[in-house]
Structure formats: structure tokens, C-alpha cells
$ cat start-v1.cif   # mmCIF, C-alpha atoms and all ligand atoms
data_query
#
loop_
_atom_site.label_atom_id
_atom_site.label_comp_id
_atom_site.auth_asym_id
_atom_site.auth_seq_id
_atom_site.Cartn_x
_atom_site.Cartn_y
_atom_site.Cartn_z
CA MET A 5 9.49 -6.43 -4.14
CA LYS A 6 8.80 -3.39 -2.03
CA LEU A 7 5.82 -1.56 -3.44
CA ALA A 8 3.66 1.38 -2.40
CA VAL A 9 0.17 1.70 -3.87
CA VAL A 10 -1.06 5.28 -4.24
CA GLY A 11 -3.78 7.21 -6.04
CA LYS A 12 -6.96 9.24 -5.73
CA GLY A 13 -9.62 8.14 -3.25
CA GLY A 14 -11.65 5.13 -4.33
CA VAL A 15 -9.64 4.18 -7.42
CA GLY A 16 -8.87 0.71 -6.06
CA LYS A 17 -5.62 1.04 -4.09
CA THR A 18 -6.71 -1.33 -1.32
CA THR A 19 -8.19 -3.80 -3.79
CA LEU A 20 -5.00 -3.86 -5.82
CA ALA A 21 -2.74 -4.03 -2.74
CA ALA A 22 -4.67 -7.05 -1.46
CA ALA A 23 -4.87 -8.81 -4.84
CA LEU A 24 -1.18 -8.22 -5.56
CA ALA A 25 -0.23 -9.36 -2.05
CA ARG A 26 -2.14 -12.59 -2.68
CA TRP A 27 -0.40 -13.08 -6.00
CA LEU A 28 3.06 -12.36 -4.53
CA SER A 29 2.46 -14.78 -1.65
CA ARG A 30 2.71 -17.64 -4.13
CA SER A 31 6.43 -16.88 -4.49
CA GLY A 32 7.36 -16.01 -0.90
CA PRO A 33 6.34 -14.34 2.35
CA VAL A 34 4.47 -11.06 2.02
CA VAL A 35 3.89 -8.30 4.53
CA ALA A 36 0.91 -6.13 3.60
CA VAL A 37 1.01 -2.80 5.41
CA ASP A 38 -2.11 -0.75 5.93
CA ALA A 39 -0.68 2.76 5.95
CA ASP A 40 -4.06 4.47 5.54
CA PRO A 41 -5.38 5.89 8.84
CA ASP A 42 -8.87 5.07 7.57
CA GLY A 43 -7.71 1.78 6.14
CA ASN A 44 -9.56 -1.39 5.31
CA LEU A 45 -6.89 -3.65 3.91
CA ALA A 46 -7.87 -6.31 6.47
CA ALA A 47 -11.33 -6.63 4.96
CA ALA A 48 -9.88 -6.82 1.44
CA LEU A 49 -7.68 -9.69 2.65
CA GLY A 50 -10.63 -11.44 4.27
CA ILE A 51 -9.55 -10.89 7.88
CA PRO A 52 -12.65 -10.78 10.12
CA PRO A 53 -13.05 -7.68 12.36
CA GLU A 54 -12.17 -9.58 15.56
CA ARG A 55 -8.77 -10.57 14.11
CA VAL A 56 -7.78 -7.16 12.71
CA PRO A 57 -4.49 -6.14 14.33
CA GLU A 58 -4.37 -3.11 16.58
CA PRO A 59 -2.74 -0.09 14.90
CA ILE A 60 0.89 0.28 15.98
CA ALA A 61 0.64 4.07 16.31
CA GLY A 62 -2.05 3.63 18.96
CA MET A 63 0.01 1.34 21.22
CA ARG A 64 0.96 3.94 23.80
CA ASP A 65 2.85 1.64 26.18
CA LEU A 66 4.86 0.10 23.36
CA ILE A 67 5.71 3.52 21.92
CA ARG A 68 6.79 4.74 25.34
CA GLU A 69 8.83 1.58 26.01
CA ARG A 70 10.64 1.73 22.63
CA THR A 71 11.30 5.43 22.47
CA GLY A 72 11.74 6.09 26.19
CA ALA A 73 9.44 9.07 25.65
CA ARG A 74 9.03 11.18 28.77
CA ASP A 75 6.87 14.22 29.03
CA GLU A 76 8.76 15.72 31.95
CA GLY A 77 11.41 18.32 32.43
CA ALA A 78 12.50 20.47 29.58
CA GLY A 79 10.15 19.25 26.86
CA LEU A 80 9.60 15.89 25.22
CA MET A 81 12.66 13.65 24.84
CA PHE A 82 12.67 10.36 22.97
CA LYS A 83 14.85 8.01 20.94
CA LEU A 84 14.80 8.59 17.20
CA ASN A 85 15.98 5.08 16.34
CA PRO A 86 13.87 2.73 18.45
CA GLU A 87 14.22 -1.04 18.28
CA VAL A 88 11.43 -2.42 16.07
CA ALA A 89 12.71 -5.68 14.56
CA ASP A 90 10.33 -7.81 16.63
CA LEU A 91 7.20 -5.80 15.82
CA PRO A 92 6.24 -7.34 12.45
CA ASP A 93 6.07 -10.84 13.95
CA ARG A 94 4.41 -9.72 17.15
CA PHE A 95 1.72 -7.49 15.74
CA SER A 96 0.86 -8.85 12.31
CA VAL A 97 -2.02 -11.17 11.57
CA ASP A 98 -1.75 -13.94 9.02
CA ALA A 99 -4.24 -14.12 6.19
CA GLY A 100 -3.33 -17.21 4.20
CA GLY A 101 0.34 -16.42 3.58
CA VAL A 102 0.00 -12.64 3.68
CA ARG A 103 0.79 -10.97 7.00
CA LEU A 104 -1.06 -7.76 7.70
CA LEU A 105 0.34 -4.90 9.78
CA VAL A 106 -1.77 -1.84 10.55
CA LEU A 107 0.13 1.40 11.14
CA GLY A 108 -2.66 3.74 12.28
CA THR A 109 -2.62 7.51 12.48
CA VAL A 110 0.26 9.69 13.50
CA GLU A 111 -0.55 13.23 14.48
CA LEU A 112 2.28 15.30 13.15
CA GLY A 113 2.42 18.70 14.72
CA GLY A 114 3.67 20.31 11.55
CA LYS A 115 5.99 19.87 8.64
CA GLY A 116 9.18 18.10 9.62
CA CYS A 117 7.91 17.54 13.14
CA MET A 118 8.60 14.18 14.69
CA CYS A 119 6.74 12.56 17.56
CA PRO A 120 7.45 9.25 19.37
CA GLU A 121 4.79 7.42 17.30
CA GLY A 122 6.35 8.82 14.14
CA ALA A 123 9.79 7.62 15.23
CA VAL A 124 8.51 4.07 15.75
CA LEU A 125 6.64 3.99 12.44
CA LYS A 126 9.59 5.44 10.57
CA ALA A 127 11.95 2.86 12.06
CA LEU A 128 9.44 0.11 11.33
CA MET A 129 9.08 1.17 7.70
CA GLN A 130 12.82 1.29 7.25
CA HIS A 131 13.16 -2.13 8.84
CA LEU A 132 10.50 -3.64 6.54
CA LEU A 133 11.78 -1.95 3.41
CA LEU A 134 15.51 -2.24 3.90
CA ARG A 135 16.17 -5.24 6.13
CA VAL A 136 13.31 -7.76 5.89
CA PRO A 137 13.66 -10.06 2.84
CA ASP A 138 9.89 -10.47 2.38
CA HIS A 139 7.80 -8.79 -0.27
CA VAL A 140 6.27 -5.65 1.23
CA ILE A 141 3.24 -3.88 -0.15
CA LEU A 142 2.05 -0.58 1.32
CA ASP A 143 -1.57 0.46 0.94
CA MET A 144 -1.36 4.24 1.21
CA GLU A 145 -3.81 6.95 2.08
CA ALA A 146 -5.32 8.79 -0.90
CA GLY A 147 -2.92 11.39 -2.27
CA LEU A 148 0.75 11.30 -1.35
CA GLU A 149 1.51 14.34 0.76
CA HIS A 150 1.79 12.24 3.92
CA MET A 151 4.38 9.87 2.46
CA GLY A 152 7.69 10.70 4.04
CA ARG A 153 11.15 10.32 2.65
CA ALA A 154 11.77 7.54 5.18
CA SER A 155 9.33 5.19 3.52
CA ALA A 156 10.01 6.48 0.05
CA SER A 157 13.69 5.70 0.15
CA GLY A 158 13.21 1.94 0.50
CA VAL A 159 10.41 1.47 -2.01
CA ASP A 160 11.36 -0.22 -5.32
CA ALA A 161 8.38 1.23 -7.11
CA MET A 162 5.29 3.23 -6.55
CA ILE A 163 2.12 1.99 -8.19
CA SER A 164 -0.17 4.84 -9.06
CA VAL A 165 -3.72 3.58 -9.61
CA VAL A 166 -6.08 5.43 -11.93
CA GLU A 167 -9.62 4.67 -13.02
CA PRO A 168 -11.23 5.70 -16.29
CA GLY A 169 -11.73 9.37 -15.46
CA MET A 170 -9.64 12.51 -15.79
CA ARG A 171 -9.86 13.40 -12.10
CA SER A 172 -7.88 10.34 -11.10
CA VAL A 173 -5.44 11.04 -13.94
CA GLN A 174 -4.87 14.56 -12.60
CA THR A 175 -4.15 13.13 -9.16
CA ALA A 176 -1.72 10.64 -10.70
CA VAL A 177 0.13 13.44 -12.49
CA ARG A 178 0.37 15.39 -9.24
CA ILE A 179 1.57 12.27 -7.40
CA GLN A 180 4.25 11.72 -10.04
CA LYS A 181 5.70 15.16 -9.32
CA LEU A 182 5.57 14.67 -5.56
CA ALA A 183 7.15 11.23 -5.83
CA ARG A 184 10.06 12.61 -7.80
CA ASP A 185 10.46 15.35 -5.20
CA ILE A 186 10.87 12.79 -2.41
CA GLY A 187 13.28 10.71 -4.46
CA ILE A 188 11.14 7.89 -5.83
CA GLN A 189 12.47 7.06 -9.28
CA ARG A 190 10.16 4.32 -10.38
CA ILE A 191 6.49 5.08 -10.73
CA PHE A 192 4.13 2.87 -12.68
CA VAL A 193 0.53 3.54 -13.57
CA VAL A 194 -2.13 0.85 -13.33
CA VAL A 195 -5.48 1.52 -14.99
CA ASN A 196 -8.22 -0.09 -12.92
CA LYS A 197 -11.97 -0.68 -13.43
CA VAL A 198 -11.66 -0.71 -17.21
CA SER A 199 -14.87 -1.76 -18.99
CA ASP A 200 -13.88 -1.38 -22.62
CA ALA A 201 -11.01 -0.66 -24.99
CA ASN A 202 -12.04 2.98 -25.48
CA GLN A 203 -11.60 3.72 -21.80
CA ARG A 204 -8.20 2.09 -21.81
CA GLU A 205 -7.08 4.02 -24.89
CA ALA A 206 -8.28 7.33 -23.45
CA ILE A 207 -6.22 6.81 -20.29
CA LEU A 208 -3.17 5.51 -22.14
CA ARG A 209 -3.07 8.74 -24.14
CA CYS A 210 -2.53 10.67 -20.89
CA PHE A 211 0.72 8.95 -19.94
CA ASP A 212 4.07 7.97 -21.39
CA ASN A 213 3.95 4.50 -22.88
CA GLN A 214 6.58 3.22 -20.51
CA LEU A 215 4.69 4.40 -17.49
CA VAL A 216 1.54 2.28 -17.76
CA ILE A 217 2.35 -1.21 -16.53
CA GLY A 218 -1.03 -2.85 -16.34
CA THR A 219 -4.77 -2.71 -16.83
CA LEU A 220 -7.33 -4.36 -14.58
CA PRO A 221 -10.86 -4.95 -15.83
CA PHE A 222 -13.96 -3.78 -14.05
CA SER A 223 -15.09 -6.86 -12.15
CA ALA A 224 -18.72 -7.25 -11.14
CA PRO A 225 -17.84 -10.15 -8.76
CA LEU A 226 -15.26 -7.91 -7.07
CA ALA A 227 -17.75 -5.07 -6.60
CA ARG A 228 -20.27 -7.58 -5.22
CA ALA A 229 -17.66 -9.02 -2.86
CA ASP A 230 -17.06 -5.60 -1.33
CA LEU A 231 -20.81 -5.02 -1.03
CA GLU A 232 -21.09 -8.29 0.87
CA GLY A 233 -17.99 -7.66 2.98
CA ARG A 234 -15.93 -10.40 1.36
CA SER A 235 -12.26 -10.37 0.34
CA VAL A 236 -10.76 -9.73 -3.09
CA ASP A 237 -10.25 -13.48 -3.64
CA VAL A 238 -13.12 -13.55 -6.11
CA ASP A 239 -13.83 -16.10 -8.75
CA ASP A 240 -13.21 -13.86 -11.75
CA ARG A 241 -10.66 -15.28 -14.11
CA ALA A 242 -10.18 -12.14 -16.20
CA PHE A 243 -9.46 -10.03 -13.10
CA GLN A 244 -7.15 -12.57 -11.45
CA GLU A 245 -5.23 -13.14 -14.68
CA ALA A 246 -4.79 -9.40 -15.10
CA VAL A 247 -3.36 -9.20 -11.56
CA GLY A 248 -0.94 -12.01 -12.48
CA ARG A 249 0.14 -10.22 -15.65
CA LEU A 250 0.69 -7.04 -13.66
CA GLY A 251 2.76 -8.92 -11.07
CA GLU A 252 4.90 -10.44 -13.78
CA ALA A 253 5.35 -7.12 -15.54
CA LEU A 254 6.47 -5.53 -12.26
CA ALA A 255 8.89 -8.36 -11.54
CA SER A 256 10.40 -8.04 -14.97
CA ARG A 257 10.67 -4.23 -14.90
CA LEU A 258 12.17 -4.31 -11.40
CA GLY A 259 14.51 -7.17 -12.24
CA CYS A 260 13.15 -9.34 -9.41
CA GLY A 261 13.28 -13.08 -9.81
CA THR A 262 9.78 -13.39 -8.48
CA GLY A 263 6.58 -14.91 -9.80
CA PRO A 264 4.99 -18.19 -8.90
CA GLY A 265 6.70 -19.86 -11.84
N1 LIG B 301 -11.48 -3.68 -10.86
C1 LIG B 301 -12.55 -3.40 -10.12
N2 LIG B 301 -13.78 -3.80 -10.51
C2 LIG B 301 -14.88 -3.52 -9.78
N3 LIG B 301 -14.87 -2.85 -8.63
C3 LIG B 301 -13.67 -2.44 -8.16
C4 LIG B 301 -12.46 -2.69 -8.87
N4 LIG B 301 -11.43 -2.16 -8.16
C5 LIG B 301 -11.98 -1.61 -7.04
N5 LIG B 301 -13.32 -1.77 -7.06
C6 LIG B 301 -14.28 -1.28 -6.04
O1 LIG B 301 -14.12 0.12 -5.91
C7 LIG B 301 -14.30 0.51 -4.55
C8 LIG B 301 -13.08 1.26 -4.06
O2 LIG B 301 -11.99 0.35 -4.05
P1 LIG B 301 -10.84 0.47 -2.94
O3 LIG B 301 -11.40 0.51 -1.59
O4 LIG B 301 -9.87 -0.61 -3.26
O5 LIG B 301 -10.26 1.88 -3.35
P2 LIG B 301 -9.19 2.77 -2.56
O6 LIG B 301 -8.45 3.52 -3.60
O7 LIG B 301 -8.42 1.93 -1.62
O8 LIG B 301 -10.16 3.73 -1.74
P3 LIG B 301 -9.73 4.74 -0.52
O9 LIG B 301 -9.12 5.94 -1.18
O10 LIG B 301 -11.03 5.03 0.13
O11 LIG B 301 -8.77 4.00 0.34
C9 LIG B 301 -14.58 -0.78 -3.77
O12 LIG B 301 -15.97 -0.96 -3.65
C10 LIG B 301 -14.00 -1.86 -4.68
O13 LIG B 301 -14.63 -3.11 -4.52
MG MG B 302 -8.09 2.11 0.42
#
$ encode --input "start-v1.cif" --output "C-alpha cells"
Amino acid sequence: MKLAVVGKGGVGKTTLAAALARWLSRSGPVVAVDADPDGNLAAALGIPPERVPEPIAGMRDLIRERTGARDEGAGLMFKLNPEVADLPDRFSVDAGGVRLLVLGTVELGGKGCMCPEGAVLKALMQHLLLRVPDHVILDMEAGLEHMGRASASGVDAMISVVEPGMRSVQTAVRIQKLARDIGIQRIFVVVNKVSDANQREAILRCFDNQLVIGTLPFSAPLARADLEGRSVDVDDRAFQEAVGRLGEALASRLGCGTGPG
């Protein structure tokens, strides 16, 4: 499965990306990609600060070596299809069967502009999404505007996280439109932090039946874990079972033979 997790700020994208990565790792290798410049997927996966991988976009020597970028002569010249196949192994950190890669920030000079860092990240995304057999889960920055067609084209589904509140629903509706514009066909909504049936019903009324693929309960142990700087591997049966049900629903809707069995 190649999944991108999107949604309004704070709805639980990183939490869900980490929990789903954990669940998927029972059925095969998983690469979890922190694609949020202000990301904290490492913490959600329980990787201590000293082991957090360096962001790829910030590796100046590597970017220069792969793209041959030179700042001399008549403007900036660089390769648009750099070699990246070795990067996932070299620069990811293992967290109990889930390998974490951190992309970092790319300064794009404007719409459609490409820089050497962007070329490396684009090639890396395409490699992970189109050539690597592992499950890949992308934890995205809030919103969707930054998501390029390069990453969109290889994603099997986009998971749009909402919480019980109309503001996150409005963002999800906006994301749906943007996703269609960049060619993503499959978008599923996950309702997170649900405390009671009324909240769930209120959110379900906002979307097509087919669109909502899962509900995750509000979990006090999960909130406490974040407060104490611990990972999402919390002892909360209701939450973990809901993640499992979501994983199975995704596998079945996407026609993947996955699931821990
Ligand atoms: N089901 C849940 N139950 C309780 N707390 C939750 C749940 N899901 C997420 N949280 C908490 O909500 C907060 C925001 O979660 P998270 O960081 O995953 O959101 P995000 O969408 O990635 O945020 P950002 O937009 O800043 O990247 C965290 O404190 C997290 O522990
Ligand atoms: Mg996040």
C-alpha cells in the first residue's frame, strides 16, 4: 500500500501515519516518510532525538553529488533525474520494523519551479512509490497545496483525517477538490478523536457514505503518551483495534492482499 495522510493541522495525521505504519509492518516492510517540514513522525514512532535521521533536503553535498548542481556560468544547471535508489537504505532509521525517512523542507522559488533539492525529493518519492515493493506511508504537511503531481501519481490512496469539528471537515472538502485536480482518484476520510456516537454521526452526514473508511476513538492514553513524549504504541485496545479495522478496510478497498492474517 502506498498511502498519503493529509488533513487540517492537529487532526492526527502523524498519529495515524505512525499507528498505521506499525499495523502494516506486521505484514511486510514499511517505509514511513515524514514529508512535513515541521514533522515529528520520529517521535510518534518512538525514535529518540539522537537517532532521528537528517532531512534529505538539507544534505547539501549529497544533493550536489546526485544532481551535479553547479552555480556557475549561465545560471543553475542540474540533473532532473538523479540516482536515488540507495537513499532509503542509507538514510532511514529503523523503528521496530518501520523505517523512517525524513524529507525536510524544499524552498520552491515559485509555482512550477524546480531546484536541485526538489529534483532529488521528487525522484526519491517516485522511487518509493513506483519501484520499491514495501508499504509506504507519507505523513504530509497540513493542507495539500504543497503536494506535487510527482508524489500524487504513485499514491494508491489519500487518507484525509478529520476530527469532530466543521473546520476540519471544510479542510477535507477543500483537499478532496485539490486531490482530484492533481489526479488522485482514491480519497478516504478517517474520523479521528471520536468520543461518542453523536460526533461520529454528525461527521458522517458531511460526506458520501463510501468516502468514510474508518473511525478512531479519542484515546486518553494516546494523548498522555504525546504529553510524555512517548510513541503511539499505547496500551489502548479500542484504539489499536480501530487502527486494525481501518487497515483491513483499506486493504480490502484497494484490493491489496495485506493484513497480518
Ligand atoms: N485518537 C486520538 N485520541 C487522543 N488524542 C489524539 C488522537 N489522535 C491524535 N491525538 C493527539 O492530537 C494531537 C495532534 O496529533 P498529531 O500530531 O498526530 O496531528 P497532526 O495532524 O499530525 O498535526 P500537525 O498538523 O501539527 O502535523 C497530539 O497531541 C496527539 O497525541
Ligand atoms: Mg503531524
$ residues_near_ligand --input "start-v1.cif" --ligand "ligand MG 302 (chain B)" --cutoff "7 Å" --atoms "only C-alpha atoms and all ligand atoms" --output "list in words"
Gly14, Gly16, Lys17, Thr18, Asp40, Gly43, Asn44, Leu45, Asp143 and Glu145 of chain A
$ closest_residue --input "start-v1.cif" --among "A:Ala39, A:Met118, A:Ile217, A:Ala21" --to "Phe192 in chain A" --atoms "all atoms listed in the file"
A:Ile217
$ atom_distance --input "start-v1.cif" --atom1 "CA of Arg178 in chain A" --atom2 "CA of Leu133 in chain A"
24.3 Å
$ residues_near_point --input "start-v1.cif" --point "(7.1, -9.7, -0.3)" --cutoff "6 Å" --atoms "only C-alpha atoms" --output "PyMOL selection string"
chain A and resi 5+33-35+138-140
$ residues_near_ligand --input "start-v1.cif" --ligand "ligand LIG 301 (chain B)" --cutoff "9 Å" --atoms "only C-alpha atoms and all ligand atoms" --output "PyMOL selection string"
chain A and resi 9-22+40+42-45+48+143-147+165-167+195-199+220-231+236+243
$ closest_residue --input "start-v1.cif" --among "A:Ile191, A:Ile67, A:Val110, A:Ala176" --to "Leu254 in chain A" --atoms "all atoms listed in the file"
A:Ile191
$ residues_near_point --input "start-v1.cif" --point "(1.1, -12.7, -4.4)" --cutoff "10 Å" --atoms "only C-alpha atoms" --output "NGL selection string"
:A and (21-34 or 101-102 or 139 or 247-248 or 251 or 262-264)
$ write_last_selection --input "start-v1.cif" --atoms "C-alpha atoms" --output "PDB file, keeping the file's coordinate frame"
ATOM      1  CA  ALA A  21      -2.740  -4.030  -2.740  1.00  0.00           C
ATOM      2  CA  ALA A  22      -4.670  -7.050  -1.460  1.00  0.00           C
ATOM      3  CA  ALA A  23      -4.870  -8.810  -4.840  1.00  0.00           C
ATOM      4  CA  LEU A  24      -1.180  -8.220  -5.560  1.00  0.00           C
ATOM      5  CA  ALA A  25      -0.230  -9.360  -2.050  1.00  0.00           C
ATOM      6  CA  ARG A  26      -2.140 -12.590  -2.680  1.00  0.00           C
ATOM      7  CA  TRP A  27      -0.400 -13.080  -6.000  1.00  0.00           C
ATOM      8  CA  LEU A  28       3.060 -12.360  -4.530  1.00  0.00           C
ATOM      9  CA  SER A  29       2.460 -14.780  -1.650  1.00  0.00           C
ATOM     10  CA  ARG A  30       2.710 -17.640  -4.130  1.00  0.00           C
ATOM     11  CA  SER A  31       6.430 -16.880  -4.490  1.00  0.00           C
ATOM     12  CA  GLY A  32       7.360 -16.010  -0.900  1.00  0.00           C
ATOM     13  CA  PRO A  33       6.340 -14.340   2.350  1.00  0.00           C
ATOM     14  CA  VAL A  34       4.470 -11.060   2.020  1.00  0.00           C
ATOM     15  CA  GLY A 101       0.340 -16.420   3.580  1.00  0.00           C
ATOM     16  CA  VAL A 102       0.000 -12.640   3.680  1.00  0.00           C
ATOM     17  CA  HIS A 139       7.800  -8.790  -0.270  1.00  0.00           C
ATOM     18  CA  VAL A 247      -3.360  -9.200 -11.560  1.00  0.00           C
ATOM     19  CA  GLY A 248      -0.940 -12.010 -12.480  1.00  0.00           C
ATOM     20  CA  GLY A 251       2.760  -8.920 -11.070  1.00  0.00           C
ATOM     21  CA  THR A 262       9.780 -13.390  -8.480  1.00  0.00           C
ATOM     22  CA  GLY A 263       6.580 -14.910  -9.800  1.00  0.00           C
ATOM     23  CA  PRO A 264       4.990 -18.190  -8.900  1.00  0.00           C
TER      24      PRO A 264
END
$ atom_distance --input "start-v1.cif" --atom1 "CA of Pro52 in chain A" --atom2 "CA of Arg234 in chain A"
9.4 Å
$ decode --input "start-v1.cif" --residues "range 53-120 of chain A" --atoms "C-alpha atoms" --output "mmCIF file, in the first residue's frame"
data_model
loop_
_atom_site.group_PDB
_atom_site.id
_atom_site.type_symbol
_atom_site.label_atom_id
_atom_site.label_comp_id
_atom_site.auth_asym_id
_atom_site.auth_seq_id
_atom_site.Cartn_x
_atom_site.Cartn_y
_atom_site.Cartn_z
ATOM 1 C CA PRO A 53 16.005 12.585 19.171
ATOM 2 C CA GLU A 54 19.612 11.383 18.797
ATOM 3 C CA ARG A 55 18.518 8.728 16.264
ATOM 4 C CA VAL A 56 16.241 10.921 14.140
ATOM 5 C CA PRO A 57 17.542 10.844 10.558
ATOM 6 C CA GLU A 58 18.852 14.011 8.989
ATOM 7 C CA PRO A 59 16.409 15.535 6.464
ATOM 8 C CA ILE A 60 17.376 14.610 2.897
ATOM 9 C CA ALA A 61 16.638 18.100 1.564
ATOM 10 C CA GLY A 62 19.284 19.526 3.894
ATOM 11 C CA MET A 63 22.110 17.248 2.699
ATOM 12 C CA ARG A 64 23.870 19.773 0.505
ATOM 13 C CA ASP A 65 26.808 17.593 -0.540
ATOM 14 C CA LEU A 66 24.553 14.684 -1.433
ATOM 15 C CA ILE A 67 22.222 16.941 -3.439
ATOM 16 C CA ARG A 68 25.171 18.428 -5.288
ATOM 17 C CA GLU A 69 26.716 14.991 -5.926
ATOM 18 C CA ARG A 70 23.447 13.495 -7.260
ATOM 19 C CA THR A 71 22.273 16.399 -9.345
ATOM 20 C CA GLY A 72 25.661 17.745 -10.414
ATOM 21 C CA ALA A 73 24.285 21.170 -9.477
ATOM 22 C CA ARG A 74 26.693 23.981 -10.290
ATOM 23 C CA ASP A 75 26.077 27.599 -9.589
ATOM 24 C CA GLU A 76 28.480 28.864 -12.230
ATOM 25 C CA GLY A 77 28.242 30.136 -15.745
ATOM 26 C CA ALA A 78 24.910 30.826 -17.291
ATOM 27 C CA GLY A 79 22.623 30.048 -14.364
ATOM 28 C CA LEU A 80 21.974 26.931 -12.331
ATOM 29 C CA MET A 81 22.265 23.602 -14.163
ATOM 30 C CA PHE A 82 21.389 20.248 -12.637
ATOM 31 C CA LYS A 83 20.106 16.773 -13.447
ATOM 32 C CA LEU A 84 16.357 16.336 -13.224
ATOM 33 C CA ASN A 85 16.519 12.565 -12.786
ATOM 34 C CA PRO A 86 19.182 11.943 -10.147
ATOM 35 C CA GLU A 87 20.076 8.465 -8.924
ATOM 36 C CA VAL A 88 18.312 7.870 -5.589
ATOM 37 C CA ALA A 89 17.779 4.103 -5.272
ATOM 38 C CA ASP A 90 20.341 3.779 -2.472
ATOM 39 C CA LEU A 91 18.977 6.631 -0.349
ATOM 40 C CA PRO A 92 16.158 4.832 1.509
ATOM 41 C CA ASP A 93 18.575 2.239 2.916
ATOM 42 C CA ARG A 94 21.321 4.730 3.618
ATOM 43 C CA PHE A 95 19.318 7.432 5.311
ATOM 44 C CA SER A 96 16.401 5.729 7.015
ATOM 45 C CA VAL A 97 16.315 4.724 10.652
ATOM 46 C CA ASP A 98 14.634 1.546 11.806
ATOM 47 C CA ALA A 99 11.949 1.701 14.454
ATOM 48 C CA GLY A 100 10.902 -1.878 15.088
ATOM 49 C CA GLY A 101 10.116 -2.887 11.508
ATOM 50 C CA VAL A 102 9.161 0.575 10.277
ATOM 51 C CA ARG A 103 11.889 2.551 8.520
ATOM 52 C CA LEU A 104 11.657 6.299 8.828
ATOM 53 C CA LEU A 105 12.862 8.731 6.170
ATOM 54 C CA VAL A 106 12.736 12.482 6.766
ATOM 55 C CA LEU A 107 12.418 14.664 3.667
ATOM 56 C CA GLY A 108 12.829 18.158 5.129
ATOM 57 C CA THR A 109 11.974 21.482 3.550
ATOM 58 C CA VAL A 110 12.365 22.434 -0.066
ATOM 59 C CA GLU A 111 12.316 26.109 -0.861
ATOM 60 C CA LEU A 112 10.485 26.391 -4.123
ATOM 61 C CA GLY A 113 11.044 29.697 -5.798
ATOM 62 C CA GLY A 114 7.568 29.759 -7.241
ATOM 63 C CA LYS A 115 4.917 27.657 -8.852
ATOM 64 C CA GLY A 116 6.378 25.033 -11.135
ATOM 65 C CA CYS A 117 9.903 25.976 -10.146
ATOM 66 C CA MET A 118 12.337 23.161 -9.579
ATOM 67 C CA CYS A 119 15.525 23.261 -7.554
ATOM 68 C CA PRO A 120 18.188 20.550 -7.051
#
